[in-house]
Amino acid sequence: MVYQLILQALNKRKLFALLIDPDNNDEISLIKTAEEAERAGVDLILAGGSLISINFDESIKTIKNHCSIPVVLFPGSPFQISVHADSILLLMLISGRNPDLLIGNHVIASQLLRKSNLEVLSTGYMIIENGSLSSVEYMSNTRPIPEYKDDIAVATAIAGEMIGNKLIYLEAGSGAANPVRARMTESVKKNINIPLIVGGGITSEKDISELCMAGADIIVIGTAAEKDISFIKKASDLIHSF
């Protein structure tokens, strides 16, 4: 069970989740990334993106065939579901007011998820302002929580935990100009009792250190690893040092 692995690992150290967008990779780059993730000791692979990948299912199989790391679906739509993965983040966009992303898409996917062997991880998903218009903000048609409104972020995260989310995910967006601020991360972490995931715009060792020290339990890195595959090992070593 992926959730139990997360809880057990967090008793010892922070976790590194590598985000892979199938739309940004061909088979060769997927294999290279999966093999590098294995060598680097990556804890989780998140697979998904903002658009509908025609070869999504094949991409998941390719990743699984070239590493032993748990693959967790990070779906941008109900079409990004593959029974070849290990689990799925069932994202509730609790920072927005788009009913499709709070319950509508979940209803569409519910029967397929029930029949699959995927472990479903209910996740309170919160888009945070990052200094530019992110893909997730555009595609979700919702406004992000302002980057300096820590009180709104805290209240939203608390509400997410109260309604039964197993994880809270602070998201600045893929390729964000700035990552989620350390102060907001710290404020949210102090007020919830479930694992906190932070991703988007994390491009340097300084970003990683600040977010780990602020209380992020799981650090998600995608674009920086796409641009420089050697960053996977650097990030893994640093995250696991906390």
# chains A, B, ... in the order shown; residues from 1 in each chain; ligands from 1
>>> select_by_dssp(residues="stretch 57-98 of chain A", states="helix (DSSP H, G or I)", output="list of chain:residue names")
A:Asp57, A:Glu58, A:Ser59, A:Ile60, A:Lys61, A:Thr62, A:Ile63, A:Lys64, A:Asn65
>>> write_last_selection(atoms="C-alpha atoms", output="tab-separated table (two decimals), in the first residue's frame")
chain	number	residue	atom	x	y	z
A	57	ASP	CA	-1.44	3.80	-20.72
A	58	GLU	CA	1.61	2.74	-22.71
A	59	SER	CA	3.70	5.39	-20.97
A	60	ILE	CA	2.77	3.99	-17.56
A	61	LYS	CA	3.70	0.48	-18.67
A	62	THR	CA	7.06	1.74	-19.95
A	63	ILE	CA	7.84	3.41	-16.63
A	64	LYS	CA	6.82	0.33	-14.65
A	65	ASN	CA	8.92	-1.94	-16.85
>>> residues_around(residues="A:Ser50", least_positions_apart="5", cutoff="12 Å", atoms="only C-alpha atoms", output="list of chain:residue names")
A:Ile20, A:Asp21, A:Pro22, A:Asp23, A:Asn24, A:Phe74, A:Pro75, A:Gly76, A:Ser77, A:Pro78, A:Phe79, A:Gln80, A:Ser134, A:Ser135, A:Val136, A:Glu137, A:Tyr138, A:Met139, A:Ser140, A:Gly173, A:Ser174
>>> closest_residue(among="A:Gly41, A:Gly222, A:Pro146, A:Gly164", to="A:Gly200", atoms="only C-alpha atoms")
A:Gly222
>>> select_by_dssp(residues="stretch 4-107 of chain A", states="strand (DSSP E)", output="JSON, numbers by chain")
{"A": [15, 16, 17, 18, 19, 20, 44, 45, 46, 47, 71, 72, 73, 87, 88, 89, 90, 91, 92, 93]}
>>> residues_around(residues="A:Asn141", least_positions_apart="4", cutoff="12 Å", atoms="only C-alpha atoms", output="list in words")
Leu93, Ser95, Gly96, Arg97, Asn98, Pro99, Asp100, Leu101, Ile127, Leu133, Ser134, Ser135, Val136 and Glu137 of chain A
>>> write_last_selection(atoms="N, CA and C atoms", output="PDB file, in the first residue's frame")
ATOM      1  N   LEU A  93      -9.902  19.746  -5.951  1.00  0.00           N
ATOM      2  CA  LEU A  93      -9.355  21.093  -6.036  1.00  0.00           C
ATOM      3  C   LEU A  93     -10.054  21.987  -5.021  1.00  0.00           C
ATOM      4  N   SER A  95      -9.011  24.481  -3.382  1.00  0.00           N
ATOM      5  CA  SER A  95      -8.714  25.920  -3.417  1.00  0.00           C
ATOM      6  C   SER A  95      -9.614  26.646  -4.409  1.00  0.00           C
ATOM      7  N   GLY A  96     -10.314  25.910  -5.274  1.00  0.00           N
ATOM      8  CA  GLY A  96     -11.147  26.526  -6.302  1.00  0.00           C
ATOM      9  C   GLY A  96     -12.617  26.266  -6.057  1.00  0.00           C
ATOM     10  N   ARG A  97     -13.433  26.740  -6.990  1.00  0.00           N
ATOM     11  CA  ARG A  97     -14.882  26.564  -6.867  1.00  0.00           C
ATOM     12  C   ARG A  97     -15.455  25.964  -8.143  1.00  0.00           C
ATOM     13  N   ASN A  98     -14.622  25.187  -8.835  1.00  0.00           N
ATOM     14  CA  ASN A  98     -15.068  24.507 -10.042  1.00  0.00           C
ATOM     15  C   ASN A  98     -15.668  23.164  -9.640  1.00  0.00           C
ATOM     16  N   PRO A  99     -16.995  22.978  -9.772  1.00  0.00           N
ATOM     17  CA  PRO A  99     -17.627  21.741  -9.287  1.00  0.00           C
ATOM     18  C   PRO A  99     -17.111  20.473  -9.964  1.00  0.00           C
ATOM     19  N   ASP A 100     -16.673  20.583 -11.223  1.00  0.00           N
ATOM     20  CA  ASP A 100     -16.150  19.392 -11.897  1.00  0.00           C
ATOM     21  C   ASP A 100     -14.896  18.870 -11.211  1.00  0.00           C
ATOM     22  N   LEU A 101     -14.099  19.789 -10.649  1.00  0.00           N
ATOM     23  CA  LEU A 101     -12.842  19.394 -10.026  1.00  0.00           C
ATOM     24  C   LEU A 101     -12.978  19.146  -8.524  1.00  0.00           C
ATOM     25  N   ILE A 127      -4.089  25.145  -5.426  1.00  0.00           N
ATOM     26  CA  ILE A 127      -3.268  25.922  -6.346  1.00  0.00           C
ATOM     27  C   ILE A 127      -2.870  27.231  -5.660  1.00  0.00           C
ATOM     28  N   LEU A 133       0.907  32.903 -14.887  1.00  0.00           N
ATOM     29  CA  LEU A 133      -0.247  32.050 -15.141  1.00  0.00           C
ATOM     30  C   LEU A 133       0.233  30.629 -15.400  1.00  0.00           C
ATOM     31  N   SER A 134      -0.139  29.699 -14.533  1.00  0.00           N
ATOM     32  CA  SER A 134       0.311  28.316 -14.672  1.00  0.00           C
ATOM     33  C   SER A 134      -0.674  27.518 -15.517  1.00  0.00           C
ATOM     34  N   SER A 135      -0.208  26.382 -16.028  1.00  0.00           N
ATOM     35  CA  SER A 135      -1.064  25.505 -16.827  1.00  0.00           C
ATOM     36  C   SER A 135      -2.256  25.012 -16.014  1.00  0.00           C
ATOM     37  N   VAL A 136      -2.009  24.649 -14.761  1.00  0.00           N
ATOM     38  CA  VAL A 136      -3.095  24.102 -13.940  1.00  0.00           C
ATOM     39  C   VAL A 136      -4.136  25.171 -13.649  1.00  0.00           C
ATOM     40  N   GLU A 137      -3.709  26.408 -13.466  1.00  0.00           N
ATOM     41  CA  GLU A 137      -4.661  27.492 -13.237  1.00  0.00           C
ATOM     42  C   GLU A 137      -5.520  27.723 -14.480  1.00  0.00           C
TER      43      GLU A 137
END
>>> closest_atom_pairs(of="stretch 69-160 of chain A", to="stretch 3-14 of chain A", cutoff="9 Å", atoms="only C-alpha atoms", output="CSV")
residue,atom,partner,partner_atom,distance
A:Ser87,CA,A:Tyr3,CA,9.0
A:Glu119,CA,A:Tyr3,CA,8.4
A:Leu121,CA,A:Tyr3,CA,7.4
>>> write_last_selection(atoms="C-alpha atoms", output="CSV table (one decimal), in the first residue's frame")
chain,number,residue,atom,x,y,z
A,87,SER,CA,-2.2,4.2,-7.0
A,119,GLU,CA,-5.1,2.4,-4.4
A,121,LEU,CA,-5.5,8.5,-2.2
>>> residues_around(residues="stretch 16-18 of chain A", least_positions_apart="5", cutoff="9 Å", atoms="only C-alpha atoms", output="JSON list (two decimals) with N, CA and C atoms, in the first residue's frame")
[["chain", "number", "residue", "atom", "x", "y", "z"],
["A", 37, "ALA", "N", 15.81, 7.54, -12.14],
["A", 37, "ALA", "CA", 15.07, 7.65, -10.89],
["A", 37, "ALA", "C", 15.37, 6.46, -9.98],
["A", 41, "GLY", "N", 17.35, 6.72, -6.23],
["A", 41, "GLY", "CA", 16.60, 6.43, -5.01],
["A", 41, "GLY", "C", 15.34, 7.25, -4.85],
["A", 42, "VAL", "N", 14.73, 7.64, -5.96],
["A", 42, "VAL", "CA", 13.45, 8.37, -5.91],
["A", 42, "VAL", "C", 12.40, 7.51, -5.21],
["A", 43, "ASP", "N", 11.57, 8.14, -4.39],
["A", 43, "ASP", "CA", 10.60, 7.38, -3.59],
["A", 43, "ASP", "C", 9.30, 7.09, -4.34],
["A", 44, "LEU", "N", 8.83, 8.07, -5.11],
["A", 44, "LEU", "CA", 7.57, 7.92, -5.84],
["A", 44, "LEU", "C", 7.71, 8.56, -7.22],
["A", 45, "ILE", "N", 7.01, 8.01, -8.19],
["A", 45, "ILE", "CA", 6.89, 8.66, -9.48],
["A", 45, "ILE", "C", 5.44, 9.07, -9.66],
["A", 46, "LEU", "N", 5.23, 10.36, -9.87],
["A", 46, "LEU", "CA", 3.90, 10.86, -10.20],
["A", 46, "LEU", "C", 3.81, 10.96, -11.71],
["A", 47, "ALA", "N", 2.74, 10.45, -12.29],
["A", 47, "ALA", "CA", 2.59, 10.46, -13.74],
["A", 47, "ALA", "C", 1.30, 11.15, -14.12],
["A", 217, "ASP", "N", 6.58, 17.45, 3.55],
["A", 217, "ASP", "CA", 6.91, 16.04, 3.74],
["A", 217, "ASP", "C", 7.35, 15.37, 2.44],
["A", 218, "ILE", "N", 6.73, 15.78, 1.35],
["A", 218, "ILE", "CA", 7.04, 15.22, 0.03],
["A", 218, "ILE", "C", 7.31, 16.37, -0.93],
["A", 219, "ILE", "N", 8.47, 16.35, -1.55],
["A", 219, "ILE", "CA", 8.85, 17.37, -2.53],
["A", 219, "ILE", "C", 8.66, 16.80, -3.93],
["A", 220, "VAL", "N", 7.92, 17.55, -4.77],
["A", 220, "VAL", "CA", 7.67, 17.11, -6.15],
["A", 220, "VAL", "C", 8.48, 17.97, -7.11],
["A", 221, "ILE", "N", 9.24, 17.30, -7.97],
["A", 221, "ILE", "CA", 10.06, 18.01, -8.96],
["A", 221, "ILE", "C", 9.78, 17.40, -10.33],
["A", 222, "GLY", "N", 9.52, 18.26, -11.31],
["A", 222, "GLY", "CA", 9.23, 17.78, -12.65],
["A", 222, "GLY", "C", 10.04, 18.49, -13.71],
["A", 225, "ALA", "N", 13.87, 18.46, -13.62],
["A", 225, "ALA", "CA", 14.45, 17.17, -14.00],
["A", 225, "ALA", "C", 14.35, 16.93, -15.50],
["A", 232, "ILE", "N", 18.03, 14.98, -10.85],
["A", 232, "ILE", "CA", 17.28, 13.98, -10.09],
["A", 232, "ILE", "C", 18.12, 13.45, -8.93],
["A", 235, "ALA", "N", 18.77, 16.23, -6.29],
["A", 235, "ALA", "CA", 17.57, 16.50, -5.49],
["A", 235, "ALA", "C", 17.30, 15.36, -4.51],
["A", 236, "SER", "N", 17.46, 14.14, -4.98],
["A", 236, "SER", "CA", 17.21, 12.98, -4.12],
["A", 236, "SER", "C", 18.12, 12.96, -2.90],
["A", 239, "ILE", "N", 17.03, 15.92, -0.51],
["A", 239, "ILE", "CA", 15.76, 15.69, 0.18],
["A", 239, "ILE", "C", 15.89, 14.62, 1.24],
["A", 240, "HIS", "N", 16.63, 13.57, 0.93],
["A", 240, "HIS", "CA", 16.78, 12.46, 1.88],
["A", 240, "HIS", "C", 17.73, 12.79, 3.04]]
